Amino acid sequence: MQDTPRIGLVGVGLMGHGIALNLARKGQTLTVLEHPGNQPLDELLALGVATAASVPALARQCDMLILCVTGSPQVEAVLLGEQGALAALPAGAVVVDCSTAIPSSTERVAQACQAAGMQFLDAPMTRTPREAREGRLNLLVGGDAAVLARCRPILECFAENIVHTGAAGTGHRMKLLHNYVSLGSVALIAEAAACALGGGVAPEVFVDVLAKGGGAGVALERLRPYLLAQDASALRFAMGNALKDMGYYTTMAQDGQAALTIAQAVQATFGRAVEQGGADTLVPELVALLQATHKPV
């Protein structure tokens, strides 16, 4: 990879837009894929970011290709599909997958990249779109340590903390573990909150008692604005994405023959929430959906 690499980005959604914005602000040469699912590109174009109309056209001009797409099917399509990037990337290019993906798929993709003469890092993110815009994401990176060392200056343009998790695939394993704990904690507090509100416990009392005891933590703080003022903006994560991530986690657990009874219950909770409120409903709204589910007829 060159000292001043040409960077391509596929996936300018809520998280990808923040990645692109920070790369552009820090003077990196960046081209993004034109796609209907992108956030508006005006701010990026004003900073000199270029666009490409197709994956092959983007890949041909990349030394590093960053993916920030929905999940494993999209990663495989972008890289391995009939019009995929691997056939067009120059030799020695690095693929950095910031998506959330199933580790077994990630391992296959990494092997395909290596066979094609490319380097591969899985580098899923934690934190929210706000931190993405601030350039303060956490990256959990699986892959060769020497490749990560070469890519670190680029990754530091949009990440505050970068953890090397081990071989390719371990970044996505750690991301799913993280999201299970995070989403599971939110689901548990949301269910407890629905019970509390239905039983006449004031939301401010519920929040105050948990915050001063064993319920304190990030999950409660992300639910606090919704519990106190029906403001879901502190956790701009869609219910459909939560359900997808929980599905990926249970797949990983099944592949590894790990215990997953609690995970299946959390997955079922988000599944019912999607049926009730739709995939685009934000996760904090789980409280209201659970209240409605258990409201006496």
# chains A, B, ... in the order shown; residues from 1 in each chain; ligands from 1
>>> closest_atom_pairs(of="region 60-142 of chain A", to="region 251-274 of chain A", cutoff="9 Å", atoms="only C-alpha atoms", output="CSV")
residue,atom,partner,partner_atom,distance
A:Ile102,CA,A:Met252,CA,6.8
A:Pro103,CA,A:Met252,CA,7.1
A:Ser104,CA,A:Met252,CA,7.9
>>> closest_atom_pairs(of="region 15-123 of chain A", to="region 238-241 of chain A", cutoff="12 Å", atoms="only C-alpha atoms", output="JSON lines")
{"residue": "A:Val69", "atom": "CA", "partner": "A:Asn241", "partner_atom": "CA", "distance": 11.5}
{"residue": "A:Thr70", "atom": "CA", "partner": "A:Asn241", "partner_atom": "CA", "distance": 8.3}
{"residue": "A:Gly71", "atom": "CA", "partner": "A:Asn241", "partner_atom": "CA", "distance": 9.5}
{"residue": "A:Ser99", "atom": "CA", "partner": "A:Asn241", "partner_atom": "CA", "distance": 11.7}
{"residue": "A:Thr100", "atom": "CA", "partner": "A:Asn241", "partner_atom": "CA", "distance": 9.8}
{"residue": "A:Ala101", "atom": "CA", "partner": "A:Asn241", "partner_atom": "CA", "distance": 11.7}
>>> residues_around(residues="region 49-60 of chain A", least_positions_apart="6", cutoff="12 Å", atoms="only C-alpha atoms", output="ChimeraX atom specification")
/A:6-12,17,20-36,38,41-43,66-67,75,77-91,93-95
>>> residues_around(residues="Leu223 (chain A)", least_positions_apart="5", cutoff="8 Å", atoms="only C-alpha atoms", output="list in words")
Val186, Ala190, Ala232, Ala234, Leu235 and Pro284 of chain A
>>> write_last_selection(atoms="all heavy atoms", output="PDB file, in the first residue's frame")
ATOM      1  N   VAL A 186     -29.797  -3.559  27.131  1.00  0.00           N
ATOM      2  CA  VAL A 186     -30.875  -2.616  26.806  1.00  0.00           C
ATOM      3  C   VAL A 186     -32.229  -3.311  26.861  1.00  0.00           C
ATOM      4  O   VAL A 186     -33.198  -2.769  27.411  1.00  0.00           O
ATOM      5  CB  VAL A 186     -30.635  -2.003  25.411  1.00  0.00           C
ATOM      6  CG1 VAL A 186     -31.886  -1.287  24.907  1.00  0.00           C
ATOM      7  CG2 VAL A 186     -29.460  -1.033  25.455  1.00  0.00           C
ATOM      8  N   ALA A 190     -35.215  -2.326  29.309  1.00  0.00           N
ATOM      9  CA  ALA A 190     -36.475  -1.914  28.687  1.00  0.00           C
ATOM     10  C   ALA A 190     -37.635  -2.748  29.216  1.00  0.00           C
ATOM     11  O   ALA A 190     -38.727  -2.216  29.501  1.00  0.00           O
ATOM     12  CB  ALA A 190     -36.377  -2.048  27.173  1.00  0.00           C
ATOM     13  N   ALA A 232     -35.631   9.324  21.781  1.00  0.00           N
ATOM     14  CA  ALA A 232     -34.908   8.112  21.398  1.00  0.00           C
ATOM     15  C   ALA A 232     -33.561   8.400  20.755  1.00  0.00           C
ATOM     16  O   ALA A 232     -32.858   7.473  20.354  1.00  0.00           O
ATOM     17  CB  ALA A 232     -35.768   7.280  20.436  1.00  0.00           C
ATOM     18  N   ALA A 234     -30.645   9.241  21.759  1.00  0.00           N
ATOM     19  CA  ALA A 234     -29.386   8.851  22.385  1.00  0.00           C
ATOM     20  C   ALA A 234     -28.898   7.495  21.895  1.00  0.00           C
ATOM     21  O   ALA A 234     -27.729   7.158  22.076  1.00  0.00           O
ATOM     22  CB  ALA A 234     -29.533   8.831  23.901  1.00  0.00           C
ATOM     23  N   LEU A 235     -29.792   6.717  21.285  1.00  0.00           N
ATOM     24  CA  LEU A 235     -29.412   5.421  20.742  1.00  0.00           C
ATOM     25  C   LEU A 235     -30.068   5.283  19.373  1.00  0.00           C
ATOM     26  O   LEU A 235     -31.124   4.682  19.219  1.00  0.00           O
ATOM     27  CB  LEU A 235     -29.833   4.282  21.672  1.00  0.00           C
ATOM     28  CG  LEU A 235     -29.432   2.861  21.263  1.00  0.00           C
ATOM     29  CD1 LEU A 235     -27.946   2.773  20.951  1.00  0.00           C
ATOM     30  CD2 LEU A 235     -29.807   1.872  22.353  1.00  0.00           C
ATOM     31  N   PRO A 284     -34.589   2.375  21.672  1.00  0.00           N
ATOM     32  CA  PRO A 284     -35.190   2.827  22.931  1.00  0.00           C
ATOM     33  C   PRO A 284     -36.712   2.703  22.964  1.00  0.00           C
ATOM     34  O   PRO A 284     -37.304   2.575  24.048  1.00  0.00           O
ATOM     35  CB  PRO A 284     -34.753   4.296  23.028  1.00  0.00           C
ATOM     36  CG  PRO A 284     -33.466   4.336  22.276  1.00  0.00           C
ATOM     37  CD  PRO A 284     -33.663   3.397  21.114  1.00  0.00           C
TER      38      PRO A 284
END
>>> select_by_dssp(residues="region 126-284 of chain A", states="alpha helix (DSSP H)", output="ChimeraX atom specification")
/A:129-134,145-155,170-198,203-211,218-229,239-255,261-277
>>> atom_distance(atom1="CA of Gly277 (chain A)", atom2="CA of Gln230 (chain A)")
15.4 Å
>>> residues_around(residues="region 157-159 of chain A", least_positions_apart="3", cutoff="6 Å", atoms="only C-alpha atoms", output="list in words")
Ile19, Asn22, Leu23, Gly135, Arg136, Leu137, Asn138 and Ile154 of chain A
>>> select_by_dssp(residues="region 45-231 of chain A", states="strand (DSSP E)", output="ChimeraX atom specification")
/A:50-52,64-67,94-97,119-122,125-126,137-142,159-166
>>> write_last_selection(atoms="C-alpha atoms", output="tab-separated table (two decimals), in the first residue's frame")
chain	number	residue	atom	x	y	z
A	50	ALA	CA	-15.00	11.86	-5.51
A	51	THR	CA	-17.68	9.32	-6.45
A	52	ALA	CA	-17.77	6.17	-8.57
A	64	MET	CA	-7.50	0.53	0.40
A	65	LEU	CA	-11.17	-0.40	0.16
A	66	ILE	CA	-13.30	0.20	3.25
A	67	LEU	CA	-16.67	-1.52	3.54
A	94	VAL	CA	-6.05	-3.83	1.54
A	95	VAL	CA	-9.72	-4.56	2.21
A	96	VAL	CA	-11.00	-3.23	5.56
A	97	ASP	CA	-14.44	-4.51	6.48
A	119	GLN	CA	-4.73	-8.12	2.39
A	120	PHE	CA	-7.82	-8.25	4.61
A	121	LEU	CA	-8.77	-6.78	7.98
A	122	ASP	CA	-12.14	-7.14	9.66
A	125	MET	CA	-17.08	-0.56	14.91
A	126	THR	CA	-18.63	0.13	18.25
A	137	LEU	CA	-15.18	5.22	16.88
A	138	ASN	CA	-13.81	2.06	18.46
A	139	LEU	CA	-12.44	-0.50	16.00
A	140	LEU	CA	-12.06	-4.21	16.77
A	141	VAL	CA	-9.54	-5.43	14.22
A	142	GLY	CA	-8.90	-9.00	13.16
A	159	ALA	CA	-11.20	5.88	15.29
A	160	GLU	CA	-10.27	6.83	18.85
A	161	ASN	CA	-9.52	3.29	20.06
A	162	ILE	CA	-8.16	0.45	17.92
A	163	VAL	CA	-7.91	-3.03	19.44
A	164	HIS	CA	-6.18	-5.90	17.66
A	165	THR	CA	-8.35	-8.92	18.45
A	166	GLY	CA	-6.30	-11.64	16.70
>>> atom_distance(atom1="CA of Ala145 (chain A)", atom2="CA of Gln114 (chain A)")
15.0 Å
>>> atom_distance(atom1="CA of Gly92 (chain A)", atom2="CA of Asp63 (chain A)")
7.6 Å
>>> closest_residue(among="A:Ala116, A:Met246, A:Ala219, A:Cys98", to="His172 (chain A)", atoms="only C-alpha atoms")
A:Cys98
>>> closest_residue(among="A:Glu131, A:Glu204, A:Glu275, A:Asp280", to="Leu228 (chain A)", atoms="only C-alpha atoms")
A:Glu204
